[in-house]
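Novice: Input file: structure-v7.cif. Contents: mmCIF, C-alpha atoms.
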data_protein
loop_
_atom_site.group_PDB
_atom_site.id
_atom_site.type_symbol
_atom_site.label_atom_id
_atom_site.label_comp_id
_atom_site.auth_asym_id
_atom_site.auth_seq_id
_atom_site.Cartn_x
_atom_site.Cartn_y
_atom_site.Cartn_z
ATOM 1 C CA MET N 201 31.182 61.296 -94.622
ATOM 2 C CA GLY N 202 32.287 63.282 -91.588
ATOM 3 C CA ALA N 203 28.679 63.941 -90.615
ATOM 4 C CA GLU N 204 27.890 60.241 -90.865
ATOM 5 C CA ILE N 205 30.803 59.327 -88.628
ATOM 6 C CA ALA N 206 29.732 62.009 -86.138
ATOM 7 C CA ALA N 207 26.142 60.680 -86.175
ATOM 8 C CA LEU N 208 27.371 57.115 -85.666
ATOM 9 C CA GLY N 209 29.662 58.285 -82.880
ATOM 10 C CA SER N 210 26.859 60.075 -81.073
ATOM 11 C CA LEU N 211 24.589 57.031 -81.490
ATOM 12 C CA LEU N 212 27.261 54.772 -80.006
ATOM 13 C CA GLY N 213 27.807 57.291 -77.220
ATOM 14 C CA LEU N 214 24.097 57.316 -76.516
ATOM 15 C CA THR N 215 23.830 53.516 -76.423
ATOM 16 C CA SER N 216 26.853 53.236 -74.156
ATOM 17 C CA ALA N 217 25.317 55.852 -71.854
ATOM 18 C CA PHE N 218 22.096 53.796 -71.791
ATOM 19 C CA ALA N 219 24.126 50.662 -71.066
ATOM 20 C CA LEU N 220 25.894 52.446 -68.215
ATOM 21 C CA VAL N 221 22.617 53.658 -66.687
ATOM 22 C CA GLY N 222 21.097 50.176 -67.152
ATOM 23 C CA THR N 223 24.060 48.513 -65.445
ATOM 24 C CA GLY N 224 23.900 50.981 -62.565
ATOM 25 C CA LEU N 225 20.164 50.363 -62.157
ATOM 26 C CA ALA N 226 20.659 46.589 -62.285
ATOM 27 C CA ALA N 227 23.467 46.822 -59.702
ATOM 28 C CA TRP N 228 21.246 48.799 -57.330
ATOM 29 C CA MET N 229 18.370 46.327 -57.730
ATOM 30 C CA ALA N 230 20.726 43.363 -57.271
ATOM 31 C CA TRP N 231 21.947 44.998 -54.034
ATOM 32 C CA ARG N 232 18.365 45.139 -52.741
ATOM 33 C CA ILE N 233 17.518 41.579 -53.865
ATOM 34 C CA VAL N 234 20.506 39.891 -52.188
ATOM 35 C CA GLU N 235 19.882 41.929 -49.020
ATOM 36 C CA LYS N 236 16.348 40.531 -48.872
ATOM 37 C CA ALA N 237 17.853 37.041 -49.085
ATOM 38 C CA GLY N 238 20.123 37.913 -46.158
ATOM 39 C CA LEU N 239 23.403 38.345 -48.031
ATOM 40 C CA PRO N 240 25.498 41.526 -47.885
ATOM 41 C CA GLY N 241 24.329 43.979 -50.536
ATOM 42 C CA TRP N 242 27.753 44.474 -52.095
ATOM 43 C CA THR N 243 27.752 40.869 -53.365
ATOM 44 C CA GLY N 244 24.820 41.615 -55.687
ATOM 45 C CA LEU N 245 26.270 44.966 -56.697
ATOM 46 C CA GLY N 246 29.643 43.380 -57.443
ATOM 47 C CA ALA N 247 28.105 40.535 -59.446
ATOM 48 C CA VAL N 248 26.425 43.009 -61.787
ATOM 49 C CA LEU N 249 29.356 45.429 -61.990
ATOM 50 C CA ILE N 250 31.592 42.550 -63.157
ATOM 51 C CA THR N 251 29.868 42.961 -66.538
ATOM 52 C CA LEU N 252 31.747 46.269 -66.914
ATOM 53 C CA THR N 253 35.062 44.417 -66.827
ATOM 54 C CA GLY N 254 36.430 42.244 -69.581
ATOM 55 C CA ILE N 255 35.051 39.059 -68.046
ATOM 56 C CA GLY N 256 31.773 39.604 -69.864
ATOM 57 C CA THR N 257 28.432 38.130 -68.900
ATOM 58 C CA VAL N 258 29.473 34.546 -68.140
ATOM 59 C CA VAL N 259 30.570 35.163 -64.543
ATOM 60 C CA PRO N 260 27.409 37.105 -63.523
ATOM 61 C CA LEU N 261 25.347 34.332 -65.122
ATOM 62 C CA ILE N 262 27.175 31.705 -63.050
ATOM 63 C CA LEU N 263 26.711 33.873 -59.935
ATOM 64 C CA LEU N 264 22.962 34.101 -60.687
ATOM 65 C CA TRP N 265 22.754 30.298 -60.740
ATOM 66 C CA VAL N 266 24.779 30.075 -57.511
ATOM 67 C CA PHE N 267 22.478 32.638 -55.849
ATOM 68 C CA ALA N 268 19.349 30.758 -56.942
ATOM 69 C CA PHE N 269 20.444 27.396 -55.587
ATOM 70 C CA MET N 270 22.535 28.329 -52.524
ATOM 71 C CA ARG N 271 21.265 28.411 -48.944
ATOM 72 C CA TRP N 272 20.024 31.881 -48.083
ATOM 73 C CA PRO N 273 20.858 33.334 -44.645
ATOM 74 C CA ARG N 274 17.213 34.475 -44.500
ATOM 75 C CA ASP N 275 16.082 30.853 -44.234
ATOM 76 C CA GLU N 276 18.681 29.893 -41.648
ATOM 77 C CA HIS N 277 17.400 32.052 -38.805
ATOM 78 C CA ARG N 278 13.749 31.718 -39.760
ATOM 79 C CA ALA N 279 13.698 27.993 -40.380
ATOM 80 C CA VAL N 280 13.096 26.728 -36.868
ATOM 81 C CA LEU N 281 9.441 26.435 -35.978
ATOM 82 C CA PHE N 282 8.308 27.240 -32.485
ATOM 83 C CA VAL N 283 7.144 24.094 -30.724
ATOM 84 C CA PRO N 284 5.829 24.854 -27.226
ATOM 85 C CA GLY N 285 7.505 22.702 -24.620
ATOM 86 C CA ALA N 286 10.339 21.657 -26.893
ATOM 87 C CA PRO N 287 13.737 21.651 -25.208
ATOM 88 C CA ALA N 288 16.077 24.550 -25.803
ATOM 89 C CA ALA N 289 18.354 22.227 -27.783
ATOM 90 C CA THR N 290 16.047 22.639 -30.783
ATOM 91 C CA MET N 291 16.746 26.367 -30.879
ATOM 92 C CA PRO N 292 18.453 27.665 -34.018
ATOM 93 C CA ASN N 293 22.167 27.202 -34.034
ATOM 94 C CA PRO N 294 23.585 30.502 -32.748
ATOM 95 C CA GLN N 295 26.584 30.004 -35.054
ATOM 96 C CA LEU N 296 24.285 30.414 -38.028
ATOM 97 C CA ALA N 297 22.725 33.646 -36.838
ATOM 98 C CA PRO N 298 24.503 36.896 -37.683
ATOM 99 C CA PRO N 299 26.484 38.477 -34.852
ATOM 100 C CA ARG N 300 24.248 40.613 -32.694
ATOM 101 C CA PRO N 301 26.268 42.824 -30.362
ATOM 102 C CA ALA N 302 24.619 43.836 -27.103
ATOM 103 C CA LEU N 303 21.400 41.961 -27.712
ATOM 104 C CA PRO N 304 19.255 42.794 -24.676
ATOM 105 C CA ALA N 305 16.668 40.022 -25.047
ATOM 106 C CA ALA N 306 19.164 37.261 -25.715
ATOM 107 C CA ALA N 307 21.463 38.441 -22.933
ATOM 108 C CA ALA N 308 18.621 38.530 -20.462
ATOM 109 C CA ALA N 309 17.329 35.176 -21.671
ATOM 110 C CA ALA N 310 20.527 33.603 -20.385
ATOM 111 C CA SER N 311 19.824 34.937 -16.928
ATOM 112 C CA PRO N 312 17.971 32.512 -14.635
ATOM 113 C CA MET N 313 16.325 35.502 -12.895
ATOM 114 C CA ALA N 314 14.487 36.593 -16.020
ATOM 115 C CA ARG N 315 10.897 35.424 -16.002
ATOM 116 C CA GLY N 316 8.573 37.557 -18.034
ATOM 117 C CA TRP N 317 8.570 39.244 -21.405
ATOM 118 C CA GLN N 318 7.892 42.858 -22.221
ATOM 119 C CA LEU N 319 6.996 44.535 -25.490
ATOM 120 C CA SER N 320 7.210 48.310 -25.318
ATOM 121 C CA GLY N 321 7.169 51.255 -27.666
ATOM 122 C CA ALA N 322 4.917 53.975 -29.143
ATOM 123 C CA GLY N 323 3.375 54.583 -25.720
ATOM 124 C CA TYR N 324 2.304 50.961 -25.245
ATOM 125 C CA THR N 325 3.707 48.329 -22.912
ATOM 126 C CA LEU N 326 2.645 44.706 -23.099
ATOM 127 C CA SER N 327 4.060 42.492 -20.403
ATOM 128 C CA PHE N 328 3.308 38.912 -19.518
ATOM 129 C CA ASN N 329 4.904 36.960 -16.703
ATOM 130 C CA ALA N 330 4.690 33.226 -17.058
ATOM 131 C CA THR N 331 6.733 30.240 -18.117
ATOM 132 C CA SER N 332 3.952 28.857 -20.281
ATOM 133 C CA GLY N 333 0.775 30.129 -21.847
ATOM 134 C CA THR N 334 -0.790 31.827 -24.832
ATOM 135 C CA TRP N 335 -1.627 35.500 -25.277
ATOM 136 C CA ILE N 336 -3.635 37.126 -28.041
ATOM 137 C CA VAL N 337 -2.697 40.581 -29.295
ATOM 138 C CA THR N 338 -5.871 42.404 -30.288
ATOM 139 C CA GLY N 339 -6.824 45.875 -31.424
ATOM 140 C CA GLY N 340 -10.029 45.721 -29.395
ATOM 141 C CA THR N 341 -10.507 45.772 -25.671
ATOM 142 C CA ALA N 342 -8.996 42.995 -23.566
ATOM 143 C CA GLU N 343 -11.943 40.744 -22.734
ATOM 144 C CA LYS N 344 -9.992 37.869 -21.272
ATOM 145 C CA ALA N 345 -6.949 37.765 -19.017
ATOM 146 C CA SER N 346 -4.960 36.339 -21.888
ATOM 147 C CA ASP N 347 -5.773 39.279 -24.219
ATOM 148 C CA LEU N 348 -3.173 41.969 -24.787
ATOM 149 C CA SER N 349 -4.872 45.116 -26.037
ATOM 150 C CA LEU N 350 -3.208 47.465 -28.525
ATOM 151 C CA PRO N 351 -5.948 49.976 -29.356
ATOM 152 C CA ASP N 352 -4.808 51.077 -32.805
ATOM 153 C CA PRO N 353 -6.641 50.970 -36.163
ATOM 154 C CA SER N 354 -3.762 49.047 -37.756
ATOM 155 C CA ILE N 355 -4.113 46.168 -35.264
ATOM 156 C CA GLY N 356 -6.400 43.266 -36.151
ATOM 157 C CA ARG N 357 -9.013 41.753 -33.844
ATOM 158 C CA PRO N 358 -7.316 39.402 -33.168
ATOM 159 C CA HIS N 359 -3.917 40.254 -34.644
ATOM 160 C CA ALA N 360 -1.328 37.769 -33.412
ATOM 161 C CA ARG N 361 -0.729 35.022 -30.891
ATOM 162 C CA LEU N 362 2.193 35.022 -28.448
ATOM 163 C CA LEU N 363 3.246 31.686 -26.965
ATOM 164 C CA VAL N 364 5.520 31.298 -23.961
ATOM 165 C CA ALA N 365 7.228 27.985 -23.267
ATOM 166 C CA GLY N 366 9.966 28.061 -20.638
ATOM 167 C CA ASP N 367 12.550 30.603 -21.674
ATOM 168 C CA ARG N 368 11.262 30.851 -25.198
ATOM 169 C CA LEU N 369 8.763 33.129 -26.839
ATOM 170 C CA GLY N 370 6.836 32.252 -29.986
ATOM 171 C CA LEU N 371 4.820 34.509 -32.257
ATOM 172 C CA GLU N 372 2.142 33.629 -34.792
ATOM 173 C CA ASP N 373 0.336 36.025 -37.106
ATOM 174 C CA LEU N 374 -3.411 35.450 -37.217
ATOM 175 C CA GLY N 375 -3.990 36.833 -40.700
ATOM 176 C CA SER N 376 -4.220 40.480 -39.755
ATOM 177 C CA PRO N 377 -4.340 43.011 -42.600
ATOM 178 C CA GLY N 378 -1.822 45.291 -40.849
ATOM 179 C CA GLY N 379 0.766 42.507 -40.814
ATOM 180 C CA THR N 380 3.437 41.442 -38.353
ATOM 181 C CA MET N 381 7.190 41.922 -38.737
ATOM 182 C CA ILE N 382 10.037 40.317 -36.768
ATOM 183 C CA ASP N 383 13.141 42.555 -36.947
ATOM 184 C CA GLY N 384 11.886 43.918 -40.257
ATOM 185 C CA ALA N 385 11.038 40.491 -41.741
ATOM 186 C CA ARG N 386 7.397 39.845 -42.607
ATOM 187 C CA LEU N 387 5.674 37.057 -40.654
ATOM 188 C CA LEU N 388 2.794 35.473 -42.530
ATOM 189 C CA PRO N 389 0.009 33.272 -41.108
ATOM 190 C CA GLU N 390 1.242 30.332 -43.192
ATOM 191 C CA HIS N 391 4.620 30.514 -41.429
ATOM 192 C CA GLY N 392 2.928 29.304 -38.238
ATOM 193 C CA PRO N 393 4.470 30.070 -34.849
ATOM 194 C CA ARG N 394 8.055 31.372 -34.994
ATOM 195 C CA ASP N 395 10.618 31.519 -32.222
ATOM 196 C CA VAL N 396 11.198 35.213 -31.480
ATOM 197 C CA SER N 397 13.180 34.798 -28.238
ATOM 198 C CA ALA N 398 16.226 36.457 -29.783
ATOM 199 C CA ALA N 399 14.341 39.135 -31.746
ATOM 200 C CA ARG N 400 14.795 42.801 -30.919
ATOM 201 C CA THR N 401 11.752 44.467 -32.419
ATOM 202 C CA ILE N 402 8.287 43.205 -33.253
ATOM 203 C CA ARG N 403 6.009 45.290 -35.430
ATOM 204 C CA PHE N 404 2.247 44.869 -35.204
ATOM 205 C CA GLY N 405 0.524 46.925 -37.914
ATOM 206 C CA THR N 406 2.207 50.334 -37.660
ATOM 207 C CA ILE N 407 3.376 49.915 -34.058
ATOM 208 C CA ASP N 408 7.031 49.072 -33.395
ATOM 209 C CA LEU N 409 7.624 47.365 -30.076
ATOM 210 C CA ALA N 410 10.997 46.537 -28.531
ATOM 211 C CA LEU N 411 11.201 43.060 -27.010
ATOM 212 C CA SER N 412 12.913 42.686 -23.662
ATOM 213 C CA ARG N 413 12.832 40.482 -20.570
ATOM 214 C CA SER N 414 11.158 41.879 -17.480
ATOM 215 C CA MET X 43 15.946 38.617 -126.756
ATOM 216 C CA TRP X 44 12.945 36.961 -125.107
ATOM 217 C CA HIS X 45 14.935 34.151 -123.599
ATOM 218 C CA LEU X 46 17.457 36.643 -122.172
ATOM 219 C CA LEU X 47 14.653 38.477 -120.397
ATOM 220 C CA ARG X 48 13.258 35.194 -119.095
ATOM 221 C CA ASP X 49 16.652 34.123 -117.776
ATOM 222 C CA TRP X 50 17.066 37.482 -116.050
ATOM 223 C CA ALA X 51 13.625 37.187 -114.399
ATOM 224 C CA LEU X 52 14.316 33.643 -113.293
ATOM 225 C CA MET X 53 17.670 34.630 -111.826
ATOM 226 C CA ASN X 54 16.066 37.528 -110.001
ATOM 227 C CA ALA X 55 13.382 35.265 -108.577
ATOM 228 C CA SER X 56 15.920 32.738 -107.403
ATOM 229 C CA ILE X 57 18.016 35.461 -105.757
ATOM 230 C CA VAL X 58 14.963 36.881 -104.001
ATOM 231 C CA SER X 59 13.825 33.476 -102.776
ATOM 232 C CA TRP X 60 17.358 32.682 -101.683
ATOM 233 C CA LEU X 61 17.518 35.957 -99.732
ATOM 234 C CA PHE X 62 14.131 35.220 -98.173
ATOM 235 C CA GLY X 63 15.369 31.788 -97.188
ATOM 236 C CA LEU X 64 18.546 33.217 -95.680
ATOM 237 C CA GLY X 65 16.553 35.899 -93.858
ATOM 238 C CA SER X 66 14.136 33.462 -92.284
ATOM 239 C CA LEU X 67 17.005 31.155 -91.371
ATOM 240 C CA LEU X 68 18.805 34.053 -89.674
ATOM 241 C CA LEU X 69 15.608 35.072 -87.898
ATOM 242 C CA PHE X 70 15.127 31.497 -86.745
ATOM 243 C CA ALA X 71 18.731 31.320 -85.516
ATOM 244 C CA VAL X 72 18.359 34.620 -83.621
ATOM 245 C CA LEU X 73 15.118 33.373 -82.060
ATOM 246 C CA VAL X 74 16.664 30.074 -80.974
ATOM 247 C CA VAL X 75 19.724 31.802 -79.478
ATOM 248 C CA HIS X 76 17.446 34.288 -77.682
ATOM 249 C CA LEU X 77 15.320 31.456 -76.289
ATOM 250 C CA LEU X 78 18.368 29.492 -75.153
ATOM 251 C CA PHE X 79 19.895 32.536 -73.470
ATOM 252 C CA ALA X 80 16.553 33.442 -71.872
ATOM 253 C CA LEU X 81 16.275 29.870 -70.594
ATOM 254 C CA LEU X 82 19.677 30.251 -68.914
ATOM 255 C CA LEU X 83 18.181 33.222 -67.023
ATOM 256 C CA ILE X 84 14.680 31.808 -66.557
ATOM 257 C CA ILE X 85 15.692 28.625 -64.705
ATOM 258 C CA PRO X 86 17.548 30.340 -61.803
ATOM 259 C CA THR X 87 15.103 33.269 -61.734
ATOM 260 C CA TRP X 88 12.155 30.859 -61.546
ATOM 261 C CA ARG X 89 13.697 29.419 -58.386
ATOM 262 C CA ILE X 90 14.507 32.845 -56.912
ATOM 263 C CA CYS X 91 10.936 34.056 -57.549
ATOM 264 C CA SER X 92 9.355 30.995 -55.966
ATOM 265 C CA ARG X 93 11.715 31.199 -52.957
ATOM 266 C CA ALA X 94 10.725 34.850 -52.554
ATOM 267 C CA GLY X 95 7.087 33.770 -52.519
ATOM 268 C CA PHE X 96 6.109 34.908 -56.020
ATOM 269 C CA SER X 97 4.943 32.733 -58.873
ATOM 270 C CA GLY X 98 7.846 31.229 -60.756
ATOM 271 C CA ALA X 99 6.155 32.258 -63.999
ATOM 272 C CA LEU X 100 7.285 35.818 -63.217
ATOM 273 C CA SER X 101 10.673 34.756 -64.565
ATOM 274 C CA LEU X 102 9.128 34.414 -68.049
ATOM 275 C CA PHE X 103 9.581 38.206 -68.311
ATOM 276 C CA HIS X 104 13.120 37.303 -69.398
ATOM 277 C CA LEU X 105 11.585 36.380 -72.769
ATOM 278 C CA VAL X 106 10.826 40.057 -73.362
ATOM 279 C CA PRO X 107 13.877 41.494 -75.113
ATOM 280 C CA LEU X 108 15.855 44.333 -73.505
ATOM 281 C CA ILE X 109 13.560 45.357 -70.644
ATOM 282 C CA GLY X 110 12.257 41.957 -69.468
ATOM 283 C CA SER X 111 15.162 41.285 -67.097
ATOM 284 C CA PHE X 112 14.813 44.760 -65.601
ATOM 285 C CA VAL X 113 11.117 44.177 -64.930
ATOM 286 C CA VAL X 114 11.812 40.933 -63.013
ATOM 287 C CA MET X 115 14.641 42.547 -61.053
ATOM 288 C CA ALA X 116 12.508 45.585 -60.200
ATOM 289 C CA ILE X 117 9.662 43.391 -58.941
ATOM 290 C CA LEU X 118 12.062 41.384 -56.770
ATOM 291 C CA ALA X 119 13.933 44.473 -55.551
ATOM 292 C CA PHE X 120 11.096 46.861 -54.711
ATOM 293 C CA SER X 121 8.300 44.630 -53.427
ATOM 294 C CA THR X 122 7.838 42.988 -50.061
ATOM 295 C CA TRP X 123 8.599 39.314 -50.525
ATOM 296 C CA PRO X 124 5.517 37.271 -49.560
ATOM 297 C CA ALA X 125 7.717 34.469 -48.189
ATOM 298 C CA GLY X 126 9.521 36.922 -45.903
ATOM 299 C CA GLU X 127 12.752 38.851 -46.076
ATOM 300 C CA ALA X 128 15.929 38.765 -44.065
ATOM 301 C CA ALA X 129 16.038 41.216 -41.182
ATOM 302 C CA ARG X 130 17.367 44.592 -42.251
ATOM 303 C CA GLU X 131 20.516 46.118 -40.767
ATOM 304 C CA ARG X 132 20.094 46.298 -36.987
ATOM 305 C CA ARG X 133 19.405 49.762 -35.709
#
For this file, produce the structure as structure tokens.

Specialist:
Amino acid sequence: MGAEIAALGSLLGLTSAFALVGTGLAAWMAWRIVEKAGLPGWTGLGAVLITLTGIGTVVPLILLWVFAFMRWPRDEHRAVLFVPGAPAATMPNPQLAPPRPALPAAAAAASPMARGWQLSGAGYTLSFNATSGTWIVTGGTAEKASDLSLPDPSIGRPHARLLVAGDRLGLEDLGSPGGTMIDGARLLPEHGPRDVSAARTIRFGTIDLALSRS
Amino acid sequence: MWHLLRDWALMNASIVSWLFGLGSLLLFAVLVVHLLFALLLIIPTWRICSRAGFSGALSLFHLVPLIGSFVVMAILAFSTWPAGEAARERR
């Protein structure tokens, strides 16, 4: 009898250890998922860890539904399409964007003296001075005046299109295999041109470039 | 003597069939409850998967008992979302 109780006890101990590991794993994954949606990671972690309390699984289930149908911060600062020539009033609402202390590009954008744009990093500098126009980022040699050459195997030929309209800068991925990222967020060809005036870093393939006004 | 044996066999058969009936009913009830609970997870996860850029059918992994939910969460947590992700913490 004693042996049976001991065996049952160890089995229960084992299952509760598995449950604990499973909950920890789920909490970590929930942290990563909500961060990708633009929410603070602790909200996902907390939602899963609630299952350890006496509330049970009802509250996390409700939170899952809320998460699925709520507005995600990710969509709020990526939603506005770049329309060349559109007035600045169609820019994303700065109230919606997360606070960005000491943002060099945005700060310089407010200055009437700022004219051109500069992308620099990894030994490369791409600069273009104009208030309107289109530039093509390519991994090959610059054949036209509007080509910006980034001779790197991870850069497509062509890789991306940069559009300048007034004080705004747009970026469009042209289906390059190396990919394009805006502040760590993937830009796909189907997204079309995006307003990147307030972005800090643009990644073409494996090259990270800091965006600033020149 | 013979009719006693026959009664005993009949009783046994009825008990066995009754147990079978109860077992299949229980199994059916467990299946229905599992499906209902999975549906409660599948509907929001379908939407999350499609907003992330994956096929919504990925959420059907919730139908797999025990590990299904972990599989969906792992795919969402450790892959690059095709529809784009929020910018990571500013450096």

Novice: Tell me which of N:Tyr324, N:Phe267, N:Trp242, N:Phe218 sits closest to chain X, counting all atoms listed in the file.

Specialist: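 Looking only at the distances to chain X, the closest residue turns out to be N:Phe267.
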
Novice: Mind pulling up the distance from CA of Ala125 in chain X to CA of Arg386 in chain N?

Specialist: 7.8 Å

Novice: Need to verify the contact set: range 94-100 of chain X, 10 Å, only C-alpha atoms, exclusion of same-chain residues closer than 2 positions in sequence. Can you return it as a VMD selection string?

Specialist: (chain N and resid 233 236 to 237) or (chain X and resid 84 to 92 102 to 104 113 to 114 117 to 118 122 to 127)

Novice: Rank X:Arg93, X:Ser101, X:Pro107, X:Leu69 by their smallest atom-to-atom distance to chain N, using all atoms listed in the file, and report the top residue only.

Specialist: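 Closest to chain N, using all atoms listed in the file: X:Arg93.
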
Novice: For the file shown, report as a PyMOL selection string the outcome of the PyMOL selection byres ((chain N and resi 403-414) around 9) at residue level.

Specialist: chain N and resi 304-306+308-309+314-322+324-329+337+350+352-356+359-360+376-384+397-402

Novice: X:Ile57, X:Ala119, X:Leu46, X:Leu105: which is nearest Leu81 in chain X, counting only C-alpha atoms?

Specialist: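 For Leu81 in chain X, the nearest of the candidates is X:Leu105.
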
Novice: So, with all atoms listed in the file as the atoms that count, which of N:Val259, N:Ala385, N:Ala217, N:Leu239 lies closest to chain X?

Specialist: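 Answer, going by the shortest atom-to-atom distance: N:Ala385.
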
Novice: Interatomic distance between CA of Val221 in chain N and CA of Gly241 in chain N?

Specialist: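 Distance between the two atoms: 18.9 Å.
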
Novice: Using CA of Glu390 in chain N and CA of Glu343 in chain N as the two end points, give the distance in Å to one decimal.

Specialist: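 Atom-to-atom, CA of Glu390 in chain N and CA of Glu343 in chain N are spaced 26.5 Å apart.
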
Novice: Could you please select, counting all atoms listed in the file, the residues of chain N within 9 Å of chain X and state them as JSON, numbers by chain?

Specialist: {"N": [222, 225, 226, 228, 229, 230, 231, 232, 233, 234, 235, 236, 237, 238, 239, 261, 264, 265, 266, 267, 268, 269, 272, 273, 274, 275, 277, 278, 300, 382, 383, 384, 385, 386, 387, 388, 391, 400]}

Novice: Name the residues captured by the PyMOL selection byres ((chain N and resi 371) around 7) when it is applied to the shown file; answer as a short mmCIF file (atom, residue, chain, number, x, y, z; two decimals) with C-alpha atoms, in the frame of the given file.

Specialist:
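Dumped to part_25.cif:
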data_model
loop_
_atom_site.label_atom_id
_atom_site.label_comp_id
_atom_site.auth_asym_id
_atom_site.auth_seq_id
_atom_site.Cartn_x
_atom_site.Cartn_y
_atom_site.Cartn_z
CA ARG N 361 -0.73 35.02 -30.89
CA LEU N 362 2.19 35.02 -28.45
CA LEU N 363 3.25 31.69 -26.96
CA LEU N 369 8.76 33.13 -26.84
CA GLY N 370 6.84 32.25 -29.99
CA GLU N 372 2.14 33.63 -34.79
CA ASP N 373 0.34 36.02 -37.11
CA PRO N 393 4.47 30.07 -34.85
CA ARG N 394 8.06 31.37 -34.99
CA ASP N 395 10.62 31.52 -32.22
CA VAL N 396 11.20 35.21 -31.48
#

Novice: Provide an axis-aligned box for all listed atoms of range 241-259 of chain N, padding each side by 6 Å; report its centre and its edge lengths in Å to one decimal, as lines of an AutoDock Vina configuration file.

Specialist:
center_x = 30.4
center_y = 40.4
center_z = -60.2
size_x = 24.1
size_y = 23.7
size_z = 31.3
